[in-house]
$ cat run_33.txt   # compact mmCIF, C-alpha atoms and all ligand atoms
# COMPACT_ATOMS: atom_id res chain seq x y z
CA MET A 1 -35.87 25.11 6.42
CA PHE A 2 -38.02 24.87 9.56
CA GLY A 3 -39.68 21.49 10.01
CA THR A 4 -42.51 20.66 12.42
CA ASN A 5 -40.26 21.54 15.33
CA GLY A 6 -37.24 23.64 14.42
CA VAL A 7 -34.39 23.28 11.95
CA ARG A 8 -32.76 19.86 12.03
CA GLY A 9 -30.07 18.10 10.06
CA ILE A 10 -27.06 15.83 10.09
CA ILE A 11 -24.20 17.54 11.91
CA ASN A 12 -21.62 19.14 9.56
CA LYS A 13 -23.52 17.84 6.54
CA ASP A 14 -26.92 19.56 6.43
CA LEU A 15 -26.50 21.43 9.68
CA THR A 16 -23.25 23.20 8.86
CA VAL A 17 -21.40 25.88 10.83
CA GLU A 18 -22.29 28.39 8.08
CA LEU A 19 -25.99 27.56 8.32
CA VAL A 20 -26.13 27.81 12.11
CA LEU A 21 -24.11 31.03 12.20
CA ASN A 22 -26.27 32.73 9.56
CA LEU A 23 -29.51 31.37 10.99
CA SER A 24 -28.49 32.89 14.34
CA ARG A 25 -27.67 36.18 12.63
CA ALA A 26 -31.15 36.05 11.03
CA VAL A 27 -32.74 35.37 14.43
CA GLY A 28 -30.79 38.27 15.97
CA THR A 29 -31.83 40.55 13.10
CA TYR A 30 -35.46 39.47 13.50
CA PHE A 31 -35.57 40.16 17.26
CA ASN A 32 -33.39 43.26 16.72
CA SER A 33 -32.09 43.72 20.30
CA GLY A 34 -32.52 42.43 23.84
CA LEU A 35 -31.56 39.32 25.76
CA ILE A 36 -31.76 35.85 24.20
CA GLY A 37 -31.56 32.70 26.34
CA ILE A 38 -29.72 29.70 24.93
CA ALA A 39 -29.23 26.11 26.07
CA ARG A 40 -28.23 22.75 24.62
CA ASP A 41 -28.77 19.05 25.12
CA SER A 42 -25.99 16.44 25.10
CA ARG A 43 -25.81 16.03 21.33
CA LYS A 44 -22.56 16.04 19.39
CA GLY A 45 -21.80 19.47 18.00
CA GLY A 46 -23.74 21.08 20.85
CA GLU A 47 -20.76 23.11 22.05
CA MET A 48 -19.79 24.10 18.50
CA PHE A 49 -23.33 25.21 17.64
CA THR A 50 -23.81 27.02 20.95
CA GLN A 51 -20.70 29.09 20.25
CA LEU A 52 -21.88 29.85 16.71
CA VAL A 53 -25.33 30.83 17.99
CA THR A 54 -23.72 33.10 20.58
CA SER A 55 -21.46 34.78 18.02
CA GLY A 56 -24.25 35.16 15.48
CA LEU A 57 -26.63 36.70 18.00
CA ILE A 58 -24.22 39.12 19.68
CA SER A 59 -22.91 40.31 16.30
CA THR A 60 -26.39 41.74 15.68
CA GLY A 61 -26.40 43.54 19.03
CA CYS A 62 -28.55 41.04 20.95
CA SER A 63 -27.16 39.81 24.27
CA VAL A 64 -27.00 36.16 25.27
CA VAL A 65 -27.61 34.37 28.55
CA ASN A 66 -26.27 30.83 28.33
CA LEU A 67 -28.03 28.24 30.52
CA GLY A 68 -25.61 25.49 29.54
CA TYR A 69 -26.99 21.94 29.50
CA ALA A 70 -30.74 22.03 30.13
CA PRO A 71 -33.95 20.33 28.98
CA THR A 72 -35.88 22.30 26.35
CA PRO A 73 -38.78 22.92 28.79
CA THR A 74 -36.29 24.33 31.33
CA LEU A 75 -35.08 26.92 28.82
CA GLN A 76 -38.69 27.63 27.83
CA PHE A 77 -39.66 28.14 31.46
CA MET A 78 -36.70 30.47 32.11
CA ILE A 79 -37.17 32.73 29.06
CA PRO A 80 -39.94 34.88 30.57
CA LYS A 81 -38.40 34.54 34.06
CA LEU A 82 -35.08 36.00 32.87
CA GLY A 83 -36.77 38.71 30.81
CA CYS A 84 -35.55 37.25 27.52
CA ILE A 85 -37.13 38.34 24.25
CA ALA A 86 -36.39 34.96 22.71
CA GLY A 87 -34.51 31.70 23.11
CA ILE A 88 -32.54 29.25 21.04
CA MET A 89 -32.34 25.59 22.00
CA VAL A 90 -29.63 23.52 20.36
CA THR A 91 -31.26 20.10 20.04
CA ALA A 92 -32.66 17.59 17.59
CA SER A 93 -35.07 16.19 20.18
CA HIS A 94 -35.68 12.46 19.51
CA ASN A 95 -33.79 12.21 16.18
CA PRO A 96 -30.93 9.71 15.75
CA PRO A 97 -27.47 10.63 17.15
CA GLN A 98 -26.02 12.11 13.92
CA PHE A 99 -28.62 14.91 14.00
CA ASN A 100 -28.63 18.24 15.77
CA GLY A 101 -30.87 21.25 15.37
CA ILE A 102 -32.07 24.68 16.36
CA LYS A 103 -35.39 25.52 18.01
CA VAL A 104 -36.32 29.20 18.10
CA ILE A 105 -38.47 30.18 21.07
CA GLY A 106 -40.44 33.39 21.60
CA SER A 107 -40.56 35.67 24.65
CA ASN A 108 -43.47 33.65 26.13
CA GLY A 109 -41.38 30.47 26.11
CA ILE A 110 -43.29 28.92 23.19
CA GLU A 111 -41.62 27.95 19.91
CA THR A 112 -42.03 30.83 17.47
CA SER A 113 -45.08 30.82 15.21
CA ARG A 114 -44.99 29.57 11.62
CA GLU A 115 -45.23 33.21 10.48
CA SER A 116 -42.14 34.22 12.48
CA GLU A 117 -40.29 31.18 11.15
CA LYS A 118 -41.10 32.30 7.61
CA GLU A 119 -39.81 35.81 8.31
CA ILE A 120 -36.61 34.44 9.84
CA GLU A 121 -36.20 32.19 6.81
CA ILE A 122 -36.63 35.16 4.45
CA LEU A 123 -33.95 37.05 6.39
CA TYR A 124 -31.68 33.98 6.27
CA ASN A 125 -32.12 33.65 2.50
CA SER A 126 -31.60 37.39 1.93
CA ASN A 127 -28.16 37.08 3.55
CA LYS A 128 -28.58 40.65 4.83
CA PHE A 129 -28.13 40.73 8.56
CA LYS A 130 -28.03 43.46 11.13
CA VAL A 131 -24.40 44.20 12.01
CA ALA A 132 -23.84 46.03 15.27
CA ASP A 133 -21.24 48.79 15.56
CA TRP A 134 -18.04 47.76 17.32
CA ASN A 135 -19.22 49.18 20.64
CA LYS A 136 -22.79 47.75 20.37
CA ILE A 137 -21.92 44.06 20.19
CA GLY A 138 -24.03 42.12 22.73
CA GLN A 139 -22.94 40.82 26.13
CA VAL A 140 -22.62 37.16 27.08
CA THR A 141 -23.57 35.96 30.57
CA HIS A 142 -24.06 32.52 32.10
CA TYR A 143 -26.89 31.37 34.33
CA ASP A 144 -26.33 28.18 36.30
CA SER A 145 -29.47 27.86 38.43
CA SER A 146 -32.10 27.23 35.77
CA ILE A 147 -32.77 23.60 36.74
CA ASP A 148 -33.16 24.60 40.44
CA VAL A 149 -35.75 27.23 39.58
CA TYR A 150 -37.53 24.93 37.11
CA LEU A 151 -37.82 22.02 39.56
CA GLU A 152 -39.14 24.27 42.34
CA ALA A 153 -41.84 25.46 39.94
CA ILE A 154 -42.83 21.90 39.03
CA LYS A 155 -43.07 20.92 42.71
CA SER A 156 -45.39 23.86 43.37
CA HIS A 157 -47.99 22.22 41.08
CA VAL A 158 -48.16 18.80 42.79
CA ASP A 159 -48.97 17.50 46.27
CA VAL A 160 -45.38 16.98 47.42
CA GLU A 161 -46.29 15.60 50.84
CA LYS A 162 -48.69 12.96 49.49
CA ILE A 163 -46.12 11.84 46.92
CA GLN A 164 -43.37 11.72 49.56
CA ASN A 165 -45.58 9.58 51.83
CA ARG A 166 -46.10 7.02 49.08
CA LYS A 167 -42.29 6.31 48.92
CA LEU A 168 -42.29 5.16 45.33
CA LYS A 169 -39.39 3.44 43.64
CA VAL A 170 -38.72 4.98 40.24
CA ILE A 171 -36.30 4.11 37.44
CA VAL A 172 -35.43 7.11 35.23
CA ASP A 173 -33.90 6.61 31.78
CA GLY A 174 -32.54 10.00 30.73
CA ALA A 175 -31.37 8.88 27.26
CA ASN A 176 -27.79 10.01 28.00
CA SER A 177 -29.04 13.54 27.78
CA VAL A 178 -30.37 16.50 29.72
CA GLY A 179 -33.44 14.77 31.19
CA SER A 180 -30.91 13.14 33.53
CA LEU A 181 -30.12 16.52 35.04
CA ALA A 182 -33.70 17.21 36.08
CA THR A 183 -35.97 14.20 36.52
CA PRO A 184 -33.89 11.94 38.82
CA ARG A 185 -33.41 14.89 41.15
CA LEU A 186 -37.07 15.86 40.96
CA MET A 187 -38.13 12.32 41.86
CA ARG A 188 -35.68 12.22 44.77
CA GLU A 189 -37.04 15.53 46.08
CA LEU A 190 -40.52 13.98 45.83
CA GLY A 191 -39.41 11.26 48.24
CA CYS A 192 -38.93 8.53 45.65
CA THR A 193 -36.08 6.04 45.65
CA VAL A 194 -34.46 6.63 42.28
CA VAL A 195 -32.31 4.46 40.06
CA SER A 196 -30.96 6.23 36.97
CA LEU A 197 -30.23 4.58 33.63
CA ASN A 198 -28.24 6.25 30.84
CA ALA A 199 -27.61 9.20 33.14
CA GLN A 200 -24.19 10.28 31.87
CA LEU A 201 -24.40 12.95 29.16
CA ASP A 202 -23.06 11.44 25.95
CA GLY A 203 -24.02 12.64 22.46
CA SER A 204 -23.16 9.30 20.91
CA PHE A 205 -26.20 7.96 22.84
CA PRO A 206 -24.48 4.71 23.90
CA GLY A 207 -27.46 3.55 26.01
CA ARG A 208 -30.23 3.76 23.47
CA ASN A 209 -31.72 5.69 20.58
CA PRO A 210 -33.13 8.96 22.02
CA GLU A 211 -36.72 8.38 20.90
CA PRO A 212 -38.64 6.95 23.90
CA ILE A 213 -40.64 4.31 22.04
CA PRO A 214 -41.11 0.69 23.25
CA GLU A 215 -38.33 -0.88 21.12
CA ASN A 216 -35.79 1.65 22.45
CA ILE A 217 -36.59 1.37 26.15
CA LYS A 218 -36.53 -2.39 26.70
CA ASP A 219 -33.71 -2.03 29.27
CA LEU A 220 -35.87 0.33 31.29
CA ALA A 221 -38.85 -2.05 31.15
CA LEU A 222 -36.67 -4.98 32.27
CA THR A 223 -35.08 -2.93 35.06
CA VAL A 224 -38.45 -1.81 36.42
CA LYS A 225 -39.62 -5.40 36.62
CA ALA A 226 -36.35 -6.86 37.91
CA THR A 227 -36.01 -4.32 40.72
CA GLY A 228 -39.67 -4.31 41.75
CA ALA A 229 -39.96 -0.60 41.00
CA ASP A 230 -43.33 1.18 40.86
CA LEU A 231 -42.69 2.77 37.49
CA GLY A 232 -40.15 3.76 34.86
CA ILE A 233 -39.77 7.11 33.13
CA ALA A 234 -38.00 7.55 29.78
CA HIS A 235 -37.27 10.89 28.16
CA ASP A 236 -36.36 11.87 24.63
CA GLY A 237 -33.13 13.77 23.88
CA ASP A 238 -34.33 17.15 25.13
CA ALA A 239 -36.76 15.85 27.77
CA ASP A 240 -39.93 17.56 26.63
CA ARG A 241 -41.52 14.12 26.33
CA ALA A 242 -41.84 11.33 28.87
CA THR A 243 -42.84 7.72 28.26
CA PHE A 244 -43.86 5.54 31.21
CA VAL A 245 -43.41 1.89 32.12
CA ASP A 246 -45.79 0.33 34.65
CA GLU A 247 -44.68 -1.93 37.51
CA THR A 248 -45.20 -5.05 35.38
CA GLY A 249 -42.66 -3.78 32.84
CA ARG A 250 -45.25 -2.81 30.24
CA VAL A 251 -44.60 0.38 28.25
CA LEU A 252 -47.64 2.68 28.24
CA TRP A 253 -48.90 4.23 25.02
CA GLY A 254 -48.47 8.00 25.04
CA ASP A 255 -52.23 8.54 24.96
CA GLN A 256 -52.63 6.41 28.11
CA SER A 257 -50.37 8.59 30.26
CA PHE A 258 -51.94 11.66 28.65
CA ALA A 259 -55.41 10.28 29.46
CA LEU A 260 -54.51 9.66 33.13
CA ILE A 261 -53.34 13.25 33.51
CA ALA A 262 -56.32 14.59 31.54
CA SER A 263 -58.78 12.70 33.79
CA ARG A 264 -57.32 14.40 36.81
CA VAL A 265 -56.73 17.91 35.47
CA LEU A 266 -60.08 18.19 33.65
CA ALA A 267 -62.04 16.87 36.63
CA LYS A 268 -60.87 19.82 38.74
CA LYS A 269 -63.20 22.17 36.91
CA HIS A 270 -66.41 21.38 34.99
CA GLY A 271 -66.41 22.84 31.51
CA SER A 272 -62.65 22.70 30.97
CA THR A 273 -61.12 22.67 27.52
CA LEU A 274 -58.58 20.18 26.24
CA VAL A 275 -56.41 21.12 23.26
CA THR A 276 -55.17 18.21 21.17
CA PRO A 277 -54.24 17.50 17.52
CA VAL A 278 -56.70 15.73 15.21
CA SER A 279 -54.45 12.65 15.40
CA SER A 280 -55.61 11.99 18.97
CA GLY A 281 -58.16 9.26 19.42
CA ARG A 282 -61.25 8.08 21.25
CA LEU A 283 -59.52 7.46 24.56
CA ILE A 284 -58.93 11.18 24.96
CA GLU A 285 -62.47 11.95 23.80
CA ASP A 286 -63.85 9.48 26.38
CA VAL A 287 -61.84 11.04 29.18
CA ALA A 288 -62.86 14.56 28.16
CA ARG A 289 -66.54 13.63 27.93
CA LYS A 290 -66.47 11.96 31.35
CA ALA A 291 -64.96 15.10 32.87
CA GLY A 292 -67.50 17.37 31.15
CA ALA A 293 -64.72 18.97 29.08
CA THR A 294 -64.73 20.05 25.45
CA ILE A 295 -62.02 19.25 22.93
CA ASP A 296 -60.41 21.95 20.82
CA TRP A 297 -58.79 20.17 17.84
CA THR A 298 -55.62 21.54 16.24
CA ALA A 299 -53.31 20.62 13.39
CA VAL A 300 -50.70 17.97 14.18
CA GLY A 301 -47.63 19.42 15.92
CA SER A 302 -46.72 20.51 19.41
CA VAL A 303 -46.24 24.14 18.35
CA ASP A 304 -49.87 24.35 17.19
CA VAL A 305 -51.05 22.99 20.54
CA SER A 306 -48.90 25.46 22.50
CA HIS A 307 -50.08 28.48 20.54
CA ARG A 308 -53.72 27.45 20.90
CA LEU A 309 -53.31 27.01 24.66
CA GLU A 310 -51.76 30.46 24.86
CA GLU A 311 -54.60 32.02 22.81
CA THR A 312 -57.49 30.32 24.59
CA GLY A 313 -56.29 29.79 28.15
CA ALA A 314 -57.46 26.14 27.96
CA GLU A 315 -56.70 23.90 30.94
CA LEU A 316 -54.63 21.18 29.28
CA GLY A 317 -52.98 20.12 26.05
CA GLY A 318 -51.61 16.81 24.92
CA GLU A 319 -50.50 14.63 22.05
CA GLU A 320 -50.89 10.91 21.47
CA ASN A 321 -47.08 10.53 21.51
CA GLY A 322 -47.04 11.33 25.23
CA GLY A 323 -46.41 15.07 25.07
CA VAL A 324 -48.42 16.76 27.84
CA PHE A 325 -48.84 20.54 28.14
CA TYR A 326 -49.92 21.84 31.54
CA PRO A 327 -50.42 25.60 31.14
CA ASP A 328 -50.65 26.33 34.89
CA HIS A 329 -46.92 25.53 34.78
CA GLN A 330 -46.24 26.44 31.13
CA PRO A 331 -48.08 25.87 27.83
CA VAL A 332 -45.39 23.66 26.29
CA ARG A 333 -44.56 19.95 26.41
CA ASP A 334 -42.65 19.23 29.56
CA GLY A 335 -41.29 15.76 30.38
CA ALA A 336 -40.41 16.39 34.04
CA MET A 337 -43.77 18.08 34.74
CA THR A 338 -45.53 15.11 33.13
CA ALA A 339 -43.52 12.70 35.30
CA ALA A 340 -44.44 14.65 38.45
CA GLN A 341 -48.12 14.49 37.48
CA ILE A 342 -48.02 10.73 36.94
CA VAL A 343 -46.37 10.02 40.32
CA GLU A 344 -48.87 12.36 41.94
CA ILE A 345 -51.78 10.39 40.43
CA ILE A 346 -50.27 7.10 41.68
CA ALA A 347 -49.86 8.62 45.16
CA LEU A 348 -53.32 10.17 45.36
CA GLU A 349 -55.25 7.24 43.89
CA GLY A 350 -53.43 4.65 45.99
CA LYS A 351 -53.30 2.30 42.98
CA THR A 352 -50.48 0.90 40.88
CA LEU A 353 -49.83 2.35 37.45
CA SER A 354 -51.04 -0.84 35.74
CA GLU A 355 -54.30 -0.71 37.72
CA LEU A 356 -54.83 2.91 36.71
CA VAL A 357 -54.24 2.09 33.05
CA SER A 358 -56.52 -0.97 33.18
CA GLU A 359 -59.40 1.35 34.12
CA LEU A 360 -59.05 3.18 30.79
CA PRO A 361 -61.00 2.05 27.70
CA THR A 362 -58.97 0.15 25.10
CA TYR A 363 -58.84 0.92 21.40
CA PHE A 364 -57.00 -0.66 18.49
CA ASN A 365 -55.30 0.99 15.57
CA THR A 366 -53.89 0.38 12.12
CA LYS A 367 -51.35 2.50 10.26
CA VAL A 368 -50.73 2.26 6.53
CA LYS A 369 -48.82 4.26 3.90
CA VAL A 370 -49.96 4.85 0.34
CA GLN A 371 -47.43 5.90 -2.32
CA VAL A 372 -48.35 9.18 -4.01
CA LEU A 373 -46.15 11.03 -6.50
CA GLN A 374 -44.65 14.12 -4.88
CA GLU A 375 -46.25 16.47 -7.40
CA LYS A 376 -49.66 14.83 -6.88
CA LYS A 377 -49.69 15.35 -3.12
CA GLU A 378 -51.31 18.79 -3.23
CA PRO A 379 -53.97 18.08 -5.88
CA LEU A 380 -54.79 14.88 -4.01
CA ALA A 381 -55.55 16.88 -0.86
CA ALA A 382 -58.13 18.92 -2.80
CA ALA A 383 -59.64 15.75 -4.31
CA LEU A 384 -59.93 14.16 -0.85
CA LEU A 385 -61.74 17.24 0.46
CA GLU A 386 -64.18 17.08 -2.44
CA LEU A 387 -64.81 13.32 -2.13
CA SER A 388 -65.41 13.53 1.64
CA LYS A 389 -67.57 16.65 1.65
CA ASP A 390 -70.75 14.80 2.68
CA MET A 391 -69.06 12.65 5.32
CA ASN A 392 -68.80 13.36 9.06
CA ARG A 393 -65.31 14.83 9.12
CA ILE A 394 -62.74 17.17 10.62
CA ILE A 395 -60.51 18.93 8.07
CA ILE A 396 -58.16 20.98 10.24
CA ASP A 397 -55.17 18.95 9.10
CA GLY A 398 -55.68 16.27 6.46
CA VAL A 399 -59.10 14.59 6.45
CA LYS A 400 -60.41 12.81 9.55
CA ILE A 401 -63.52 10.72 8.88
CA ILE A 402 -65.60 9.90 11.92
CA HIS A 403 -67.84 6.86 12.36
CA ASP A 404 -69.70 5.65 15.45
CA ASP A 405 -67.29 2.78 16.00
CA GLY A 406 -64.04 4.55 15.08
CA TRP A 407 -62.33 6.95 12.72
CA PHE A 408 -59.52 7.31 10.24
CA LEU A 409 -57.19 10.21 9.45
CA ILE A 410 -55.52 10.73 6.07
CA ARG A 411 -52.55 13.11 5.89
CA PRO A 412 -49.67 13.63 3.46
CA SER A 413 -46.17 13.03 4.81
CA GLY A 414 -44.20 16.27 5.17
CA THR A 415 -41.05 14.75 3.71
CA GLU A 416 -41.84 11.54 1.76
CA PRO A 417 -43.98 10.91 -1.37
CA ILE A 418 -46.67 9.15 0.64
CA TYR A 419 -50.01 9.65 2.32
CA ARG A 420 -50.51 8.09 5.73
CA CYS A 421 -53.77 6.60 6.89
CA PHE A 422 -54.23 6.09 10.62
CA ALA A 423 -57.34 4.28 11.78
CA GLU A 424 -58.71 3.49 15.23
CA GLY A 425 -61.58 1.30 16.35
CA LYS A 426 -63.03 -0.58 19.30
CA THR A 427 -61.71 -3.84 17.84
CA GLN A 428 -58.74 -4.65 15.59
CA GLU A 429 -61.18 -5.73 12.85
CA THR A 430 -62.87 -2.33 12.98
CA ALA A 431 -59.54 -0.51 12.82
CA ASP A 432 -58.50 -2.65 9.82
CA ARG A 433 -61.83 -2.08 8.08
CA LEU A 434 -61.62 1.70 8.62
CA SER A 435 -58.04 1.71 7.41
CA ASP A 436 -59.15 -0.11 4.21
CA GLU A 437 -61.86 2.50 3.79
CA GLY A 438 -59.21 5.25 4.09
CA VAL A 439 -56.94 3.59 1.53
CA LYS A 440 -59.88 3.20 -0.89
CA LEU A 441 -60.65 6.90 -0.49
CA ILE A 442 -57.03 7.79 -1.32
CA GLU A 443 -57.10 5.46 -4.34
CA ARG A 444 -60.33 7.06 -5.59
CA ALA A 445 -58.82 10.52 -5.14
CA LYS A 446 -55.75 9.38 -7.10
CA THR A 447 -57.93 8.63 -10.14
CA LEU A 448 -59.16 12.27 -10.07
CA VAL A 449 -55.75 14.03 -10.13
MG MG B 1 -38.26 16.54 22.29
$ encode --input "run_33.txt" --output "structure tokens"
Amino acid sequence: MFGTNGVRGIINKDLTVELVLNLSRAVGTYFNSGLIGIARDSRKGGEMFTQLVTSGLISTGCSVVNLGYAPTPTLQFMIPKLGCIAGIMVTASHNPPQFNGIKVIGSNGIETSRESEKEIEILYNSNKFKVADWNKIGQVTHYDSSIDVYLEAIKSHVDVEKIQNRKLKVIVDGANSVGSLATPRLMRELGCTVVSLNAQLDGSFPGRNPEPIPENIKDLALTVKATGADLGIAHDGDADRATFVDETGRVLWGDQSFALIASRVLAKKHGSTLVTPVSSGRLIEDVARKAGATIDWTAVGSVDVSHRLEETGAELGGEENGGVFYPDHQPVRDGAMTAAQIVEIIALEGKTLSELVSELPTYFNTKVKVQVLQEKKEPLAAALLELSKDMNRIIIDGVKIIHDDGWFLIRPSGTEPIYRCFAEGKTQETADRLSDEGVKLIERAKTLV
């Protein structure tokens, strides 16, 4: 039932009141007792699910502290601060408006491990939950200052005075959700002039689809250009991700903003480590090499990156979709922290965002899908491993084949009967050629299964 990042489904269809209540009872049974922090984004059903989560948890004897509306990284930051043993975030992140979901977070503020998810799922399926005696039902309290505490923490990690002196003009698109409660205020406190778009909380997402990808944030790009702003910031529904628009109105790729932050963070200390999924490309490798840092590859998924950061104490994590993890603050994706780091870089470097990006190397990519029967997906993975055994490769998640001029990554889709091939090269022709090579490898593997 848990996907790459929590349990998600269409409200009242897949994600029913029964499911959320019993999942919460399973979570309460799993953690057994103690305080559990909860929060929600602006999605429809958020209030309904928050009440079900509260009832489910306290029925097992756990107590609940409700943070109300808050970004996911705010709840994650507050969990250890408030002495919580766990957290539940009611959100479906960047999914379309009809979705909502449940993210279970551990006592360190990181989403629970795959093993814990499995145990919770077993408890859920067993339908046997801890039931507290009448006088042992948990307490419910409310905590209203989480965003204040969270923003103070973010400011402690950047050069506030330098940013204030630069007097930037920033447009923030909060996706009609909880990012609007944190980032516009953060930018104002950093001395920026702020214009907010889609700042009213509305789970029908009237302003735009909550995924901050170029086609969804055209209004932001136009507004940045039309108002002569220095940059634009767009969040997803729960504001753990941030996408940036430069002063010319161009939307940055996620790996570009990640690379800018990586250049700065990794340069602070020689011999740093950068944690990133195998889906990240050469730009990140270039930046790491230049800073004398090593890369620690993980499987694809923000939870894998967070857990690895926690285990190793590495200096930075990031994903090519623009998720940046700065463990000095917290080892999870954090949209507002990422935004603060980008404005700090602009202030310290004395350059525009487009100038900073133009200094980064450029790569080209190609994405293709290959149909594979659902039941052949697993045998195909084994065949691909066998066929590629003499190639220069990384096999942490799927098969990544590395050439001097580029690479390609082949992975099965988690939900659809397809394999995806993602290729990157120094030119578009190289990316296309590598992508063809990847497809041919899949086709050869298909003949073996
Ligand atoms: Mg998110």
$ residues_near_point --input "run_33.txt" --point "(-21.5, 36.4, 35.2)" --cutoff "12 Å" --atoms "all atoms listed in the file" --output "list in words"
Val64, Val65, Asn66, Leu67, Gln139, Val140, Thr141, His142, Tyr143 and Asp144 of chain A
$ closest_atom_pairs --input "run_33.txt" --of "chain A" --to "ligand MG 1 (chain B)" --cutoff "7 Å" --atoms "all atoms listed in the file" --output "CSV"
residue,atom,partner,partner_atom,distance
A:Ser93,CA,B:MG1,MG,3.8
A:His94,CA,B:MG1,MG,5.6
A:Asp236,CA,B:MG1,MG,5.6
A:Gly237,CA,B:MG1,MG,6.0
A:Asp238,CA,B:MG1,MG,4.9
A:Ala239,CA,B:MG1,MG,5.7
A:Asp240,CA,B:MG1,MG,4.8
A:Arg241,CA,B:MG1,MG,5.7
$ atom_distance --input "run_33.txt" --atom1 "CA of Thr223 (chain A)" --atom2 "CA of Glu189 (chain A)"
21.6 Å
$ closest_residue --input "run_33.txt" --among "A:Ser63, A:Thr248, A:Ser302, A:Ser279" --to "Ile402 (chain A)" --atoms "all atoms listed in the file"
A:Ser279
$ residues_near_point --input "run_33.txt" --point "(-31.2, 12.1, 26.7)" --cutoff "6 Å" --atoms "all atoms listed in the file" --output "list in words"
Gly174, Ala175, Asn176, Ser177, Val178, Gly179, Pro210, Asp236 and Gly237 of chain A
$ decode --input "run_33.txt" --residues "region 30-35 of chain A" --atoms "all heavy atoms" --output "compact mmCIF listing (two decimals), in the first residue's frame"
# COMPACT_ATOMS: atom_id res chain seq x y z
N TYR A 30 1.94 0.14 15.96
CA TYR A 30 3.36 -0.05 15.66
C TYR A 30 4.23 0.76 16.62
O TYR A 30 5.20 0.25 17.18
CB TYR A 30 3.64 0.35 14.21
CG TYR A 30 5.08 0.24 13.81
CD1 TYR A 30 5.66 -1.01 13.55
CD2 TYR A 30 5.89 1.37 13.72
CE1 TYR A 30 6.99 -1.11 13.20
CE2 TYR A 30 7.22 1.28 13.37
CZ TYR A 30 7.77 0.03 13.12
OH TYR A 30 9.09 -0.08 12.78
N PHE A 31 3.87 2.03 16.84
CA PHE A 31 4.70 2.88 17.72
C PHE A 31 4.36 2.68 19.19
O PHE A 31 5.08 3.15 20.06
CB PHE A 31 4.60 4.35 17.30
CG PHE A 31 5.32 4.63 16.00
CD1 PHE A 31 4.63 4.76 14.80
CD2 PHE A 31 6.70 4.73 15.98
CE1 PHE A 31 5.30 4.99 13.61
CE2 PHE A 31 7.39 4.96 14.79
CZ PHE A 31 6.68 5.10 13.60
N ASN A 32 3.21 2.07 19.44
CA ASN A 32 2.80 1.58 20.77
C ASN A 32 2.36 2.66 21.76
O ASN A 32 1.29 2.55 22.34
CB ASN A 32 3.93 0.72 21.37
CG ASN A 32 3.43 -0.06 22.59
OD1 ASN A 32 2.26 -0.46 22.63
ND2 ASN A 32 4.30 -0.25 23.56
N SER A 33 3.16 3.71 21.96
CA SER A 33 2.74 4.78 22.87
C SER A 33 3.60 5.98 22.59
O SER A 33 4.56 5.90 21.82
CB SER A 33 2.89 4.34 24.33
OG SER A 33 4.27 4.16 24.61
N GLY A 34 3.29 7.11 23.20
CA GLY A 34 4.10 8.32 22.99
C GLY A 34 3.34 9.34 22.16
O GLY A 34 2.18 9.14 21.77
N LEU A 35 4.07 10.43 21.86
CA LEU A 35 3.45 11.57 21.19
C LEU A 35 3.70 11.50 19.68
O LEU A 35 4.83 11.29 19.25
CB LEU A 35 4.06 12.85 21.77
CG LEU A 35 3.51 14.19 21.30
CD1 LEU A 35 2.03 14.34 21.68
CD2 LEU A 35 4.33 15.34 21.89
